[in-house]
Amino acid sequence: MPQPTGPSVAPRPSFPNSVVVGLQWGDEGKGKIVDLLARRSAVVARFQGGNNAGHTLVVEGEKVVLHCIPSGILHQDVLCVVGNGVVVDPEIVRVELERLIASRGPVGPDRLALSDGAQVIMPYHRVLDACREDALGGEMIGTTRKGIGPCYEDKVARRGIRLGDLLDEATLRRRLAAVLPEKNRILTEWYGQPAFTIDGLVAQLQPTVALLGPYIQDTVRLLHRALDQQQPILFEGAQGSFLDIDHGSYPFVTSSNTVAGAACAGTGVGPKDLHIVVGVAKAYTTRVGSGPFPTELEDDTGERLRRIGREFGATTGRPRRCGWLDIPMLRQAIRLSGVTHLALTKLDVLGGFHPLRICVGYAGQDGLPSRPDAQSSLVPVYEEHPGWNDDIADCQTWDQLPAAARAYVERIEALAGVPVALLGTGPGRDSVIHRGAPLDAHRVRSVI
Ligand code: IMP
């Protein structure tokens, strides 16, 4: 009897594909968690945002800040992918790449692949971002002014320029000829700015394109090949759940979807290939830019959190607004991304705070209201917890933590309804406590 032929069901990779997302307003310390999980991954792929993100890592005492290139690049045997959902400022990638090569040795196209479908942040996007913010005055969003919003606008309006377009000068010129007249009219007549010329833009881009050209690839195909070969992929999110264009505190949000589901559209991988979702949250809360922040502390405690937690933006240097941990927001973010594991970062910063507070709800409200204007007037209901004074940076295991720190984490876990698998205890690359079964043992069954 002939056996029916057809695709066989491939065995699962030894380590699951995972997505890392921020559960607050960005700056949760995702870079460090990605760096950790990258050690078990073959590929690290970014799927949204651009150089508005800033991952700071401390490696062998040296500070490494990456805005566009995935933090997985610090591992020699990891392929880093900048997916189609990312907006790329070529100049920023060039500078990051040159710095990496100078300090850590060669990085070839076998270690960094930029999607030919990723949108290019053009110089006029940066000017427009700044002009729009200035025009908003007191209503400004507080963007990073890196051109992120205007670039995503052009993507959706189908007038964007993609990295692949840069590879052929004739194509680039044709695309610019279609786009520039309208851009220049807005820039000159509405905002009183100088116009851009095609020749000027092409000349400006040329040296960068010459360097980046070999890195611009069909990343969807690369990722599909990695899936076929069962190589574990880590999808690296940027920003946080409440900066999501749909689910955040609109309009004080970024211009992309930051929830885990965006990993699929932003790289070309289907949902059945996402196995675990690691949600990263600080042990307290921070926000940069404008918009509602129910647990914000505009007092000495907030100031102390900012000082001890060094809460200044990696991208803009702006002081971050600080406040207590907000459980209704955390629960919402866990749902939005289907989080399977929590990574709680910067627990060490809370040493010496007495008492600690956790927001467990809002007066007269059932959970987080969806309308941002309603979010602005929320009155948090706090639970108080005993703090600890010990420096926990040297704690290597859960048992070494002070009892009050363990109780604080266990309470968060109980309120959030998701296990805390990783705990950040200091700025160093290895200041992380693993808790419970290893992440690969927690493999979640595919839905499809
Ligand atoms: P944009 O992404 O530059 O358009 O800025 C929109 C909002 O998102 C502003 O409030 C920014 O401060 C915020 N934002 C963007 N990227 C990050 C990030 O990586 N961390 C924290 N906030 C961010």
# chains A, B, ... in the order shown; residues from 1 in each chain; ligands from 1

$ residues_around --residues "Ser103 of chain A" --least-positions-apart "5" --cutoff "12 Å" --atoms "only C-alpha atoms" --output "VMD selection string"
chain A and resid 59 62 to 64 74 96 to 98

$ write_last_selection --atoms "N, CA, C and O atoms" --output "short mmCIF file (atom, residue, chain, number, x, y, z; two decimals), in the first residue's frame"
data_model
loop_
_atom_site.label_atom_id
_atom_site.label_comp_id
_atom_site.auth_asym_id
_atom_site.auth_seq_id
_atom_site.Cartn_x
_atom_site.Cartn_y
_atom_site.Cartn_z
N VAL A 59 27.72 45.69 29.81
CA VAL A 59 28.45 44.46 29.48
C VAL A 59 29.90 44.64 29.90
O VAL A 59 30.58 45.54 29.41
N GLU A 62 30.97 47.96 30.67
CA GLU A 62 30.87 48.97 29.62
C GLU A 62 29.39 49.17 29.25
O GLU A 62 28.65 48.19 29.09
N LYS A 63 28.97 50.44 29.13
CA LYS A 63 27.57 50.71 28.80
C LYS A 63 27.38 50.66 27.28
O LYS A 63 28.11 51.32 26.54
N VAL A 64 26.43 49.84 26.84
CA VAL A 64 26.14 49.76 25.40
C VAL A 64 24.70 50.20 25.20
O VAL A 64 23.79 49.63 25.79
N LEU A 74 24.98 41.43 20.63
CA LEU A 74 26.13 41.25 21.53
C LEU A 74 26.52 39.77 21.62
O LEU A 74 27.53 39.44 22.22
N GLU A 96 25.47 52.96 14.70
CA GLU A 96 25.47 51.86 15.69
C GLU A 96 26.36 50.72 15.22
O GLU A 96 27.13 50.15 15.99
N LEU A 97 26.26 50.41 13.94
CA LEU A 97 27.03 49.31 13.37
C LEU A 97 28.52 49.62 13.44
O LEU A 97 29.32 48.78 13.86
N GLU A 98 28.88 50.85 13.05
CA GLU A 98 30.30 51.21 13.06
C GLU A 98 30.86 51.16 14.48
O GLU A 98 31.98 50.70 14.71
#

$ closest_atom_pairs --of "chain A" --to "ligand 1" --cutoff "8 Å" --atoms "only C-alpha atoms and all ligand atoms" --output "tab-separated table"
residue	atom	partner	partner_atom_place_in_ligand_line	distance
A:Trp25	CA	ligand 1	21 (C)	5.7
A:Gly26	CA	ligand 1	20 (N)	3.9
A:Asp27	CA	ligand 1	20 (N)	4.8
A:Gly49	CA	ligand 1	2 (O)	7.2
A:Gly50	CA	ligand 1	2 (O)	7.9
A:Asn51	CA	ligand 1	16 (N)	7.8
A:Asn52	CA	ligand 1	16 (N)	4.3
A:Ala53	CA	ligand 1	19 (O)	3.3
A:Gly54	CA	ligand 1	19 (O)	5.5
A:His55	CA	ligand 1	19 (O)	7.9
A:Asp129	CA	ligand 1	4 (O)	7.8
A:Ile141	CA	ligand 1	10 (O)	5.7
A:Gly142	CA	ligand 1	9 (C)	4.8
A:Thr143	CA	ligand 1	5 (O)	3.3
A:Thr144	CA	ligand 1	3 (O)	3.7
A:Arg145	CA	ligand 1	3 (O)	5.4
A:Lys146	CA	ligand 1	3 (O)	5.8
A:Gly147	CA	ligand 1	3 (O)	6.8
A:Ile148	CA	ligand 1	4 (O)	5.1
A:Gly149	CA	ligand 1	4 (O)	4.9
A:Ala238	CA	ligand 1	19 (O)	5.9
A:Gln239	CA	ligand 1	19 (O)	4.2
A:Gly240	CA	ligand 1	20 (N)	7.1
A:Leu243	CA	ligand 1	8 (O)	5.8
A:Phe252	CA	ligand 1	10 (O)	5.7
A:Val253	CA	ligand 1	7 (C)	4.6
A:Thr254	CA	ligand 1	6 (C)	3.9
A:Ser255	CA	ligand 1	4 (O)	5.9
A:Arg287	CA	ligand 1	21 (C)	6.5
A:Val288	CA	ligand 1	12 (O)	4.6
A:Gly289	CA	ligand 1	10 (O)	3.7
A:Ser290	CA	ligand 1	10 (O)	5.7
A:Gly291	CA	ligand 1	10 (O)	7.5
A:Gly313	CA	ligand 1	21 (C)	7.2
A:Thr315	CA	ligand 1	19 (O)	7.4

$ write_last_selection --atoms "C-alpha atoms" --output "compact mmCIF listing (two decimals), in the first residue's frame"
# COMPACT_ATOMS: atom_id res chain seq x y z
CA TRP A 25 5.12 52.83 29.07
CA GLY A 26 8.46 51.57 27.81
CA ASP A 27 11.86 51.57 29.52
CA GLY A 49 9.12 50.95 16.42
CA GLY A 50 12.39 52.50 15.47
CA ASN A 51 15.16 54.46 17.11
CA ASN A 52 12.67 55.95 19.54
CA ALA A 53 13.61 52.87 21.57
CA GLY A 54 16.80 52.74 23.56
CA HIS A 55 18.14 49.61 25.17
CA ASP A 129 7.99 65.36 13.82
CA ILE A 141 2.70 64.37 22.82
CA GLY A 142 6.30 64.57 23.93
CA THR A 143 7.57 62.43 21.05
CA THR A 144 11.23 61.53 20.75
CA ARG A 145 11.34 63.75 17.60
CA LYS A 146 13.04 60.96 15.67
CA GLY A 147 10.48 61.01 12.85
CA ILE A 148 8.67 57.84 13.95
CA GLY A 149 5.07 59.12 13.58
CA ALA A 238 10.07 48.08 21.80
CA GLN A 239 8.18 50.67 23.87
CA GLY A 240 5.37 49.37 26.09
CA LEU A 243 2.21 53.35 24.14
CA PHE A 252 -0.18 60.11 23.92
CA VAL A 253 1.16 56.97 22.28
CA THR A 254 3.70 55.89 19.72
CA SER A 255 2.70 55.14 16.12
CA ARG A 287 6.63 57.19 31.86
CA VAL A 288 8.30 59.75 29.55
CA GLY A 289 6.26 62.19 27.54
CA SER A 290 2.77 63.46 28.23
CA GLY A 291 -0.44 61.58 29.06
CA GLY A 313 15.55 58.50 28.92
CA THR A 315 17.06 58.13 23.78

$ atom_distance --atom1 "atom CA of Glu28 of chain A" --atom2 "atom CA of Val280 of chain A"
6.0 Å

$ residues_around --residues "Ile433 of chain A" --least-positions-apart "6" --cutoff "12 Å" --atoms "only C-alpha atoms" --output "ChimeraX atom specification"
/A:33,36,343-348,392-401,406,420-426

$ residues_around --residues "Val44 of chain A" --least-positions-apart "5" --cutoff "8 Å" --atoms "only C-alpha atoms" --output "count of residues only"
11

$ select_by_dssp --residues "segment 57-87 of chain A" --states "helix (DSSP H, G or I)" --output "MDAnalysis selection string"
chainID A and resid 71:74

$ select_by_dssp --residues "segment 113-228 of chain A" --states "strand (DSSP E or B)" --output "PyMOL selection string"
chain A and resi 113-115+119-120+162+216-217

$ residues_around --residues "Ile334 of chain A" --least-positions-apart "5" --cutoff "8 Å" --atoms "only C-alpha atoms" --output "ChimeraX atom specification"
/A:23,279,339,416

$ residues_around --residues "Gly266 of chain A" --least-positions-apart "5" --cutoff "10 Å" --atoms "only C-alpha atoms" --output "MDAnalysis selection string"
chainID A and resid 45:49 82:86 117:118 220 235 256:257 261

$ atom_distance --atom1 "atom CA of Pro214 of chain A" --atom2 "atom CA of Ala102 of chain A"
18.6 Å

$ residues_around --residues "Pro355 of chain A" --least-positions-apart "4" --cutoff "6 Å" --atoms "only C-alpha atoms" --output "list in words"
His385, Pro386 and Gly387 of chain A
